[in-house]
Amino acid sequence: MTISGHAAVAAVMGWPVSHSRSPRLHGFWLEAYGIDGAYVPLPVAPEGFERALRSLAALGLKGCNVTLPHKEATLALADEADGVARRIGAANTVIVTDEGSLRVTNTDAFGFIENLDQRAPHWKREQPAVVLGAGGASRAVIVALLEAGVPELRLANRTAERGQALADEFGTRVQATAWEERSSALDGAGLLVNTTQLGMTGQPELEIALDPLGQDAVVYDLVYAPLETDLLHRAGALHLTTVDGLGMLLHQARPGFAAWFGHEPEVTGALYAYVAEGL
Ligand code: NAP
């Protein structure tokens, strides 16, 4: 669709940014809803990030997404940050207000839980969950699961101190578990979430024995390249419900799109197939 001189414009800033699927994803919605708007990738190096962010209003942009390595800096530079972004310690979505100030949030926790509710509506939120990894994605998953009411969250991370620090920060419902104990930690769990890079194209596979999981357990991998990781393949072979990471990416984009372009977008099979192309 062609755009007019009145087009609403948003962007994604990252360094690098060329790998980002967000322009494809927002472009699909803009086209599908016939919106006079554009969503563009902006490669912004860390040393120029603050200037770039502060220029959004002057350029007339509605806002932007930010990706690595700018998520923490975005939170620090915001005029206004919501509680979710503060709890996660990073922001991924910036909204330029009518007054030109920068309001930020983090939509990863929302994307994580919306995808889980859509793909595995029967998941047992009253049972313990096991989360592997203690990086940025793990923080969003922990915030989402605590908010969903999960009573016990077992956190296993390769670097034990990092896992322990996260458990200490998020309170008694989060318990650090040794990385070597990750298989036995699955005993009685209703949900396993991989937030590490393991299983991603070019990375080693995630080694974990899934047998301790009950038949109604859900296995969720945040990795989406490849779409079906070895972990999800093995879980599927055991007839467990599996959830891949692409849906999280799609759902996390919804609040930004709605704020910038004034339309609540939907995550459909057609969108999923379009963004998955080439993964
Ligand atoms: P990060 O902050 O760098 O954290 C990486 C985590 O992976 C750490 O816990 C790290 O453990 C662990 N790890 C890395 N290599 C490992 C290995 N060889 N063995 C064991 N653990 C290892 O990264 P992130 O931003 O959290 O992203 C993590 C993954 O989530 C990436 O694959 C990313 O693509 C994915 N992700 C997906 C979505 C989505 O929408 N689907 C959103 C965000 C992230 P240590 O602490 O020991 O280093």
# chains A, B, ... in the order shown; residues from 1 in each chain; ligands from 1
>>> select_by_dssp(residues="stretch 45-265 of chain A", states="helix (DSSP H, G or I)", output="PyMOL selection string")
chain A and resi 46-54+71-77+83-88+108-119+136-147+160-170+179-181+184-186+230-237+246-252+254-261
>>> residues_near_ligand(ligand="ligand 1", cutoff="6 Å", atoms="only C-alpha atoms and all ligand atoms", output="ChimeraX atom specification")
/A:133-138,157-159,162,195-198,222-223,245-246,248-249
>>> write_last_selection(atoms="all heavy atoms", output="CSV table (one decimal), in the first residue's frame")
chain,number,residue,atom,x,y,z
A,133,GLY,N,17.5,-20.4,32.4
A,133,GLY,CA,18.1,-19.2,32.0
A,133,GLY,C,17.7,-18.1,32.9
A,133,GLY,O,16.7,-18.1,33.6
A,134,ALA,N,18.6,-17.1,32.9
A,134,ALA,CA,18.5,-15.9,33.9
A,134,ALA,C,18.9,-14.6,33.2
A,134,ALA,O,19.4,-13.7,33.9
A,134,ALA,CB,19.3,-16.2,35.1
A,135,GLY,N,18.7,-14.5,31.9
A,135,GLY,CA,19.0,-13.3,31.2
A,135,GLY,C,17.8,-12.4,31.0
A,135,GLY,O,16.8,-12.5,31.8
A,136,GLY,N,17.8,-11.5,30.1
A,136,GLY,CA,16.7,-10.6,29.9
A,136,GLY,C,15.4,-11.2,29.6
A,136,GLY,O,14.3,-10.8,30.2
A,137,ALA,N,15.3,-12.3,28.8
A,137,ALA,CA,14.1,-12.9,28.5
A,137,ALA,C,13.5,-13.6,29.7
A,137,ALA,O,12.3,-13.6,29.9
A,137,ALA,CB,14.3,-13.9,27.3
A,138,SER,N,14.4,-14.2,30.5
A,138,SER,CA,14.0,-14.9,31.7
A,138,SER,C,13.3,-13.9,32.7
A,138,SER,O,12.2,-14.2,33.3
A,138,SER,CB,15.2,-15.5,32.4
A,138,SER,OG,14.8,-16.0,33.7
A,157,ASN,N,20.0,-21.9,36.1
A,157,ASN,CA,20.8,-21.2,35.2
A,157,ASN,C,22.2,-21.7,35.2
A,157,ASN,O,22.7,-22.1,36.3
A,157,ASN,CB,20.8,-19.7,35.6
A,157,ASN,CG,21.5,-18.8,34.5
A,157,ASN,OD1,21.1,-18.9,33.3
A,157,ASN,ND2,22.5,-18.0,34.8
A,158,ARG,N,22.9,-21.7,34.1
A,158,ARG,CA,24.3,-22.2,34.0
A,158,ARG,C,25.2,-21.6,35.0
A,158,ARG,O,25.9,-22.2,35.8
A,158,ARG,CB,24.8,-22.0,32.6
A,158,ARG,CG,26.3,-22.4,32.4
A,158,ARG,CD,26.8,-22.1,31.0
A,158,ARG,NE,26.6,-20.7,30.7
A,158,ARG,CZ,27.0,-20.2,29.5
A,158,ARG,NH1,27.6,-21.0,28.6
A,158,ARG,NH2,26.9,-18.9,29.3
A,159,THR,N,25.1,-20.2,35.1
A,159,THR,CA,25.9,-19.5,36.1
A,159,THR,C,25.0,-19.3,37.3
A,159,THR,O,24.1,-18.5,37.4
A,159,THR,CB,26.3,-18.1,35.5
A,159,THR,OG1,26.9,-18.3,34.2
A,159,THR,CG2,27.2,-17.4,36.4
A,162,ARG,N,24.1,-16.0,39.0
A,162,ARG,CA,23.1,-15.1,38.3
A,162,ARG,C,21.7,-15.6,38.5
A,162,ARG,O,20.8,-14.8,38.7
A,162,ARG,CB,23.4,-15.2,36.8
A,162,ARG,CG,23.1,-14.0,36.0
A,162,ARG,CD,23.7,-14.0,34.6
A,162,ARG,NE,23.0,-13.0,33.8
A,162,ARG,CZ,22.9,-13.1,32.5
A,162,ARG,NH1,23.4,-14.2,31.8
A,162,ARG,NH2,22.3,-12.2,31.8
A,195,THR,N,14.5,-20.3,28.3
A,195,THR,CA,14.8,-18.9,27.9
A,195,THR,C,16.3,-18.7,27.6
A,195,THR,O,16.8,-17.6,27.4
A,195,THR,CB,14.4,-17.9,29.0
A,195,THR,OG1,15.5,-17.9,30.0
A,195,THR,CG2,13.1,-18.2,29.6
A,196,THR,N,17.0,-19.8,27.4
A,196,THR,CA,18.4,-19.7,27.0
A,196,THR,C,18.5,-19.8,25.5
A,196,THR,O,17.5,-20.0,24.8
A,196,THR,CB,19.3,-20.9,27.6
A,196,THR,OG1,19.0,-22.1,26.8
A,196,THR,CG2,19.0,-21.2,29.0
A,197,GLN,N,19.7,-19.5,25.0
A,197,GLN,CA,19.9,-19.6,23.5
A,197,GLN,C,20.1,-21.1,23.1
A,197,GLN,O,20.2,-21.3,21.9
A,197,GLN,CB,21.2,-18.9,23.1
A,197,GLN,CG,21.1,-17.4,23.1
A,197,GLN,CD,21.6,-16.8,24.3
A,197,GLN,OE1,21.7,-17.4,25.4
A,197,GLN,NE2,22.1,-15.5,24.3
A,198,LEU,N,20.2,-22.0,24.0
A,198,LEU,CA,20.4,-23.4,23.6
A,198,LEU,C,19.3,-23.9,22.7
A,198,LEU,O,18.1,-23.7,23.0
A,198,LEU,CB,20.5,-24.3,24.8
A,198,LEU,CG,21.8,-24.0,25.7
A,198,LEU,CD1,21.7,-24.8,27.0
A,198,LEU,CD2,23.0,-24.3,25.0
A,222,LEU,N,11.4,-20.4,24.0
A,222,LEU,CA,11.4,-19.0,23.5
A,222,LEU,C,12.2,-18.9,22.2
A,222,LEU,O,12.0,-17.9,21.4
A,222,LEU,CB,12.1,-18.0,24.5
A,222,LEU,CG,11.0,-17.2,25.4
A,222,LEU,CD1,10.1,-18.2,26.1
A,222,LEU,CD2,11.7,-16.3,26.3
A,223,VAL,N,13.1,-19.9,21.9
A,223,VAL,CA,13.8,-19.9,20.7
A,223,VAL,C,12.8,-20.1,19.5
A,223,VAL,O,11.9,-20.9,19.6
A,223,VAL,CB,14.9,-21.0,20.7
A,223,VAL,CG1,15.5,-21.2,19.3
A,223,VAL,CG2,15.9,-20.8,21.7
A,245,GLY,N,8.5,-20.1,20.2
A,245,GLY,CA,8.8,-18.7,20.5
A,245,GLY,C,8.2,-17.7,19.6
A,245,GLY,O,8.2,-16.5,19.9
A,246,LEU,N,7.9,-18.1,18.3
A,246,LEU,CA,7.4,-17.1,17.4
A,246,LEU,C,6.2,-16.4,17.8
A,246,LEU,O,6.0,-15.2,17.6
A,246,LEU,CB,7.2,-17.8,16.0
A,246,LEU,CG,6.9,-16.8,14.9
A,246,LEU,CD1,7.9,-15.7,14.7
A,246,LEU,CD2,6.7,-17.5,13.5
A,248,MET,N,5.2,-15.6,20.7
A,248,MET,CA,5.6,-14.6,21.7
A,248,MET,C,6.0,-13.3,21.0
A,248,MET,O,5.6,-12.2,21.4
A,248,MET,CB,6.7,-15.1,22.6
A,248,MET,CG,7.2,-14.0,23.6
A,248,MET,SD,8.4,-14.8,24.8
A,248,MET,CE,9.1,-13.3,25.5
A,249,LEU,N,6.8,-13.5,20.0
A,249,LEU,CA,7.3,-12.3,19.2
A,249,LEU,C,6.1,-11.6,18.6
A,249,LEU,O,6.1,-10.3,18.6
A,249,LEU,CB,8.3,-12.8,18.1
A,249,LEU,CG,8.8,-11.7,17.2
A,249,LEU,CD1,9.9,-11.0,18.0
A,249,LEU,CD2,9.4,-12.3,15.9
>>> residues_around(residues="A:Ala225", least_positions_apart="3", cutoff="7 Å", atoms="only C-alpha atoms", output="ChimeraX atom specification")
/A:200-201,279
>>> atom_distance(atom1="atom CA of A:Phe257", atom2="atom CA of A:Arg24")
12.7 Å
>>> closest_residue(among="A:Arg182, A:Lys124, A:His70, A:His19", to="A:Ala90", atoms="only C-alpha atoms")
A:His70
>>> select_by_dssp(residues="stretch 117-265 of chain A", states="strand (DSSP E or B)", output="PyMOL selection string")
chain A and resi 129-132+153-157+174-178+191-194+218-221+241-243
>>> atom_distance(atom1="atom CA of A:Val130", atom2="atom CA of A:Pro226")
21.9 Å
